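K.L.:
One structure, as structure tokens, below. Some questions next.
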Amino acid sequence: MTTVLTERLRLFHEPDDLFALVSDVRRYPDFIPQITAMRVSNERVDGEVTDLTAEARVRYKFVTERFTSQVRADRAERTIDVGFVAGPFRVLENRWRFRLLSDGSSLVDFYINAAFRNPILQMLLDSNRDRAAQVLVNRFSAEAERRFETAGDPGLDLGKEIDALG
């Protein structure tokens, strides 16, 4: 069984800034306390698309693990896709989508599908399912607040914007 976590939220920053923040995996240990180290290898840039391999060391409560993922960041499309390479997972897929709203703010869609090989780790993930995606997205949001200027109109009708985006 896999655990699927999704978040859709509006952030008051430009989508290009948010894309740059999330695609800069080297800096994750600076603002995500659970990521204690990050190593990037096999980085290739082809125009607007960057492919790289990222090896992260993660600590949560009493568990420390290391895993490797393949990251594809498409600046023109403002998409980031992450796939599992090695580590404690059976399945790991992660997607970020950043869409420009008419007022200059961003609609952010976050998706992760994960399953651990170890049933104890899977139980830990399942028991924190509702909180896990929110905590991660909140870390990125807080870092965006720290780094970037605010964009957007709080009075914007988000429902109409989402309908217009399709």
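By convention here, the chains of the structure tokens are called A, B, ... in the order presented, each chain's residues are numbered starting at 1, and ligands are numbered starting at 1 in the order presented.
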Pick out the residues sitting within 7 Å of segment 48-50 of chain A, and hand them over as an mmCIF file with N, CA and C atoms, in the first residue's frame; count only C-alpha atoms, and ignore anything fewer than 5 positions along from it in its own chain.
P.N.:
```cif
data_model
loop_
_atom_site.group_PDB
_atom_site.id
_atom_site.type_symbol
_atom_site.label_atom_id
_atom_site.label_comp_id
_atom_site.auth_asym_id
_atom_site.auth_seq_id
_atom_site.Cartn_x
_atom_site.Cartn_y
_atom_site.Cartn_z
ATOM 1 N N ARG A 72 13.894 16.063 -12.049
ATOM 2 C CA ARG A 72 13.793 16.738 -13.346
ATOM 3 C C ARG A 72 13.042 18.042 -13.117
ATOM 4 N N ALA A 73 13.709 19.162 -13.365
ATOM 5 C CA ALA A 73 13.131 20.485 -13.164
ATOM 6 C C ALA A 73 13.041 21.201 -14.505
ATOM 7 N N ASP A 74 11.829 21.537 -14.903
ATOM 8 C CA ASP A 74 11.583 22.216 -16.180
ATOM 9 C C ASP A 74 11.162 23.655 -15.885
ATOM 10 N N ARG A 75 12.087 24.567 -16.055
ATOM 11 C CA ARG A 75 11.848 25.978 -15.731
ATOM 12 C C ARG A 75 10.746 26.574 -16.603
ATOM 13 N N ALA A 76 10.719 26.259 -17.884
ATOM 14 C CA ALA A 76 9.707 26.834 -18.785
ATOM 15 C C ALA A 76 8.295 26.408 -18.384
#
```
K.L.:
Residues at most 9 Å from Arg97 of chain A, counting only C-alpha atoms, excluding those fewer than 2 positions away in the same chain, as a list in words?
P.N.:
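Once the adjacent positions are removed, what remains is Phe19, Glu77, Arg78, Thr79, Ile80, Asp81, Arg95, Arg99, Leu107, Val108, Asp109, Phe110 and Tyr111 of chain A.
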K.L.:
Under the rule of at most 12 Å, produce a per-residue listing of segment 48-151 of chain A near segment 9-13 of chain A: chain, number, name, the closest pair of atoms, and the distance in Å, as a Markdown table, using only C-alpha atoms.
P.N.:
```
| residue | atom | partner | partner_atom | distance |
| --- | --- | --- | --- | --- |
| A:Trp96 | CA | A:Leu9 | CA | 11.5 |
| A:Arg97 | CA | A:Leu9 | CA | 10.7 |
| A:Phe98 | CA | A:Arg10 | CA | 9.6 |
| A:Arg99 | CA | A:Arg10 | CA | 9.4 |
| A:Leu100 | CA | A:His13 | CA | 9.5 |
| A:Leu101 | CA | A:Arg10 | CA | 9.0 |
| A:Ser102 | CA | A:Phe12 | CA | 11.8 |
| A:Asp103 | CA | A:Phe12 | CA | 9.3 |
| A:Gly104 | CA | A:His13 | CA | 7.3 |
| A:Ser105 | CA | A:Phe12 | CA | 4.8 |
| A:Ser106 | CA | A:Leu11 | CA | 5.3 |
| A:Leu107 | CA | A:Arg10 | CA | 4.6 |
| A:Val108 | CA | A:Leu9 | CA | 5.4 |
| A:Asp109 | CA | A:Leu9 | CA | 6.8 |
| A:Phe110 | CA | A:Leu9 | CA | 8.6 |
| A:Tyr111 | CA | A:Leu9 | CA | 11.8 |
| A:Ala133 | CA | A:Leu9 | CA | 11.7 |
| A:Gln134 | CA | A:Leu9 | CA | 10.2 |
| A:Val137 | CA | A:Leu9 | CA | 9.2 |
| A:Asn138 | CA | A:Leu9 | CA | 10.4 |
| A:Phe140 | CA | A:Leu11 | CA | 10.3 |
| A:Ser141 | CA | A:Leu11 | CA | 7.4 |
| A:Ala142 | CA | A:Leu11 | CA | 10.3 |
| A:Glu143 | CA | A:His13 | CA | 11.2 |
| A:Ala144 | CA | A:His13 | CA | 7.4 |
| A:Glu145 | CA | A:His13 | CA | 8.1 |
| A:Arg146 | CA | A:His13 | CA | 11.0 |
| A:Arg147 | CA | A:His13 | CA | 9.9 |
| A:Phe148 | CA | A:His13 | CA | 6.9 |
| A:Glu149 | CA | A:His13 | CA | 6.6 |
| A:Thr150 | CA | A:His13 | CA | 5.2 |
| A:Ala151 | CA | A:His13 | CA | 4.8 |
```
K.L.:
Write the selection just made, keeping C-alpha atoms, as a short mmCIF file (atom, residue, chain, number, x, y, z; two decimals), in the first residue's frame?
P.N.:
```cif
data_model
loop_
_atom_site.label_atom_id
_atom_site.label_comp_id
_atom_site.auth_asym_id
_atom_site.auth_seq_id
_atom_site.Cartn_x
_atom_site.Cartn_y
_atom_site.Cartn_z
CA TRP A 96 5.44 20.17 -7.86
CA ARG A 97 3.48 22.45 -10.20
CA PHE A 98 3.62 26.25 -10.04
CA ARG A 99 0.98 28.24 -11.91
CA LEU A 100 0.83 31.99 -12.33
CA LEU A 101 -2.39 33.61 -11.16
CA SER A 102 -3.64 36.84 -12.73
CA ASP A 103 -2.41 38.95 -9.80
CA GLY A 104 1.16 37.61 -9.92
CA SER A 105 0.79 35.14 -7.04
CA SER A 106 1.05 31.37 -7.45
CA LEU A 107 -1.15 28.32 -7.32
CA VAL A 108 1.03 25.46 -6.07
CA ASP A 109 0.12 21.80 -6.49
CA PHE A 110 2.18 19.32 -4.48
CA TYR A 111 1.86 15.54 -4.80
CA ALA A 133 2.66 17.05 3.30
CA GLN A 134 1.49 20.13 5.15
CA VAL A 137 4.93 22.59 2.16
CA ASN A 138 4.96 24.92 5.19
CA PHE A 140 9.01 25.81 1.72
CA SER A 141 6.41 28.52 2.27
CA ALA A 142 8.28 29.92 5.27
CA GLU A 143 11.54 29.93 3.31
CA ALA A 144 9.80 31.75 0.42
CA GLU A 145 8.57 34.37 2.91
CA ARG A 146 12.12 34.84 4.10
CA ARG A 147 13.69 35.08 0.62
CA PHE A 148 11.18 36.67 -1.73
CA GLU A 149 8.99 39.73 -2.11
CA THR A 150 5.26 39.35 -1.70
CA ALA A 151 3.15 39.24 -4.86
#
```
K.L.:
Counting only C-alpha atoms, which of A:Leu124, A:Ala114, A:Ala54, A:Ala86 gets nearest to Leu5 of chain A?
P.N.:
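Of all the options, A:Ala114 lies closest to Leu5 of chain A.
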K.L.:
For the atom pair atom CA of Thr64 of chain A and atom CA of Ile35 of chain A, what is the interatomic distance in Å to one decimal place?
P.N.:
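If I compute the distance from atom CA of Thr64 of chain A to atom CA of Ile35 of chain A, I get 9.7 Å.
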K.L.:
Got a sec: who's within 12 Å of Pro29 of chain A, counting only C-alpha atoms, leaving out chain neighbours fewer than 2 positions off, as an MDAnalysis selection string?
P.N.:
chainID A and resid 24:27 31:39 55:59 139:140 143
K.L.:
Include N, CA and C atoms and write out the residues we just selected as a compact mmCIF listing (two decimals), in the first residue's frame.
P.N.:
```
# COMPACT_ATOMS: atom_id res chain seq x y z
N ASP A 24 16.18 24.05 -6.06
CA ASP A 24 17.52 24.18 -5.48
C ASP A 24 17.69 23.18 -4.33
N VAL A 25 17.75 21.91 -4.67
CA VAL A 25 17.77 20.85 -3.66
C VAL A 25 18.99 20.92 -2.74
N ARG A 26 20.08 21.50 -3.22
CA ARG A 26 21.29 21.60 -2.39
C ARG A 26 21.03 22.36 -1.08
N ARG A 27 20.09 23.28 -1.12
CA ARG A 27 19.84 24.14 0.06
C ARG A 27 18.77 23.59 1.00
N PHE A 31 16.83 24.73 5.48
CA PHE A 31 15.52 25.13 5.99
C PHE A 31 14.55 23.99 6.25
N ILE A 32 14.97 22.77 6.00
CA ILE A 32 14.16 21.60 6.34
C ILE A 32 14.97 20.78 7.36
N PRO A 33 14.63 20.92 8.64
CA PRO A 33 15.45 20.27 9.68
C PRO A 33 15.56 18.76 9.55
N GLN A 34 14.58 18.11 8.96
CA GLN A 34 14.62 16.65 8.82
C GLN A 34 15.64 16.20 7.78
N ILE A 35 16.05 17.09 6.90
CA ILE A 35 17.07 16.76 5.90
C ILE A 35 18.41 17.25 6.45
N THR A 36 19.24 16.31 6.84
CA THR A 36 20.49 16.66 7.51
C THR A 36 21.66 16.81 6.55
N ALA A 37 21.53 16.26 5.33
CA ALA A 37 22.59 16.40 4.34
C ALA A 37 22.01 16.13 2.95
N MET A 38 22.62 16.76 1.95
CA MET A 38 22.17 16.58 0.57
C MET A 38 23.40 16.60 -0.33
N ARG A 39 23.46 15.63 -1.22
CA ARG A 39 24.54 15.58 -2.21
C ARG A 39 23.93 15.47 -3.59
N GLU A 55 21.06 12.77 -3.40
CA GLU A 55 21.11 11.82 -2.29
C GLU A 55 20.91 12.59 -1.00
N ALA A 56 19.85 12.26 -0.29
CA ALA A 56 19.49 12.96 0.95
C ALA A 56 19.67 12.05 2.15
N ARG A 57 20.12 12.64 3.24
CA ARG A 57 20.10 11.95 4.53
C ARG A 57 19.00 12.62 5.34
N VAL A 58 18.07 11.80 5.83
CA VAL A 58 16.88 12.30 6.50
C VAL A 58 16.81 11.73 7.91
N ARG A 59 16.43 12.58 8.86
CA ARG A 59 16.26 12.15 10.24
C ARG A 59 14.87 12.56 10.69
N ARG A 139 7.33 24.37 5.30
CA ARG A 139 8.76 24.71 5.35
C ARG A 139 9.17 25.52 4.11
N PHE A 140 8.71 25.07 2.95
CA PHE A 140 9.01 25.81 1.72
C PHE A 140 8.35 27.18 1.73
N GLU A 143 10.28 29.53 3.95
CA GLU A 143 11.54 29.93 3.31
C GLU A 143 11.27 30.95 2.20
```
K.L.:
What does the structure give for the distance between atom CA of Ala115 of chain A and atom CA of Val135 of chain A, in Å to one decimal?
P.N.:
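Straight-line distance from atom CA of Ala115 of chain A to atom CA of Val135 of chain A works out to 18.2 Å.
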K.L.:
Give the strand (DSSP E or B) residues of segment 18-57 of chain A, as DSSP finds them on the backbone, and put them as a compact mmCIF listing (two decimals) with N, CA and C atoms, in the first residue's frame.
P.N.:
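File result23.txt, as written:
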```
# COMPACT_ATOMS: atom_id res chain seq x y z
N ILE A 35 16.05 17.09 6.90
CA ILE A 35 17.07 16.76 5.90
C ILE A 35 18.41 17.25 6.45
N THR A 36 19.24 16.31 6.84
CA THR A 36 20.49 16.66 7.51
C THR A 36 21.66 16.81 6.55
N ALA A 37 21.53 16.26 5.33
CA ALA A 37 22.59 16.40 4.34
C ALA A 37 22.01 16.13 2.95
N MET A 38 22.62 16.76 1.95
CA MET A 38 22.17 16.58 0.57
C MET A 38 23.40 16.60 -0.33
N ARG A 39 23.46 15.63 -1.22
CA ARG A 39 24.54 15.58 -2.21
C ARG A 39 23.93 15.47 -3.59
N VAL A 40 24.40 16.30 -4.52
CA VAL A 40 23.89 16.31 -5.89
C VAL A 40 24.98 15.78 -6.82
N SER A 41 24.57 14.92 -7.75
CA SER A 41 25.50 14.39 -8.75
C SER A 41 24.79 14.27 -10.09
N ASN A 42 25.55 13.97 -11.10
CA ASN A 42 25.01 13.74 -12.45
C ASN A 42 24.11 14.87 -12.93
N GLU A 43 24.47 16.09 -12.60
CA GLU A 43 23.63 17.23 -13.00
C GLU A 43 23.86 17.57 -14.48
N ARG A 44 22.75 17.64 -15.21
CA ARG A 44 22.79 17.99 -16.63
C ARG A 44 21.75 19.07 -16.90
N VAL A 45 22.17 20.11 -17.60
CA VAL A 45 21.26 21.19 -17.97
C VAL A 45 21.15 21.20 -19.48
N ASP A 46 19.92 21.15 -19.97
CA ASP A 46 19.64 21.20 -21.40
C ASP A 46 18.58 22.27 -21.62
N VAL A 49 15.69 22.72 -18.96
CA VAL A 49 15.46 21.50 -18.17
C VAL A 49 16.76 21.08 -17.48
N THR A 50 16.65 20.83 -16.18
CA THR A 50 17.78 20.33 -15.40
C THR A 50 17.42 18.95 -14.87
N ASP A 51 18.30 17.99 -15.10
CA ASP A 51 18.18 16.65 -14.54
C ASP A 51 19.35 16.45 -13.59
N LEU A 52 19.06 15.85 -12.43
CA LEU A 52 20.12 15.59 -11.47
C LEU A 52 19.74 14.42 -10.57
N THR A 53 20.74 13.88 -9.93
CA THR A 53 20.54 12.85 -8.92
C THR A 53 20.82 13.49 -7.57
N ALA A 54 19.90 13.27 -6.63
CA ALA A 54 20.05 13.86 -5.30
C ALA A 54 20.04 12.75 -4.25
N GLU A 55 21.06 12.77 -3.40
CA GLU A 55 21.11 11.82 -2.29
C GLU A 55 20.91 12.59 -1.00
N ALA A 56 19.85 12.26 -0.29
CA ALA A 56 19.49 12.96 0.95
C ALA A 56 19.67 12.05 2.15
N ARG A 57 20.12 12.64 3.24
CA ARG A 57 20.10 11.95 4.53
C ARG A 57 19.00 12.62 5.34
```
K.L.:
Kindly give the distance, in Å, that separates atom CA of Asn113 of chain A and atom CA of Val63 of chain A, rounded to a single decimal.
P.N.:
19.8 Å
K.L.:
For Phe84 of chain A, which residue among A:Tyr60, A:Glu7, A:Phe116, A:Leu18 is the nearest when counting only C-alpha atoms?
P.N.:
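With only C-alpha atoms as the atom set, the closest residue is A:Phe116.
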K.L.:
So, with only C-alpha atoms as the atoms that count, which of A:Leu158, A:Leu92, A:Met123, A:Val82 lies closest to Arg8 of chain A?
P.N.:
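Going through A:Leu158, A:Leu92, A:Met123, A:Val82 one by one, the smallest distance to Arg8 of chain A is for A:Leu158.
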K.L.:
Find the spatial neighbours of Arg117 of chain A, counting only C-alpha atoms, within a cut-off of 10 Å - ignore same-chain residues fewer than 2 positions away - and output them as a PyMOL selection string.
P.N.:
chain A and resi 87-91+115+119-122
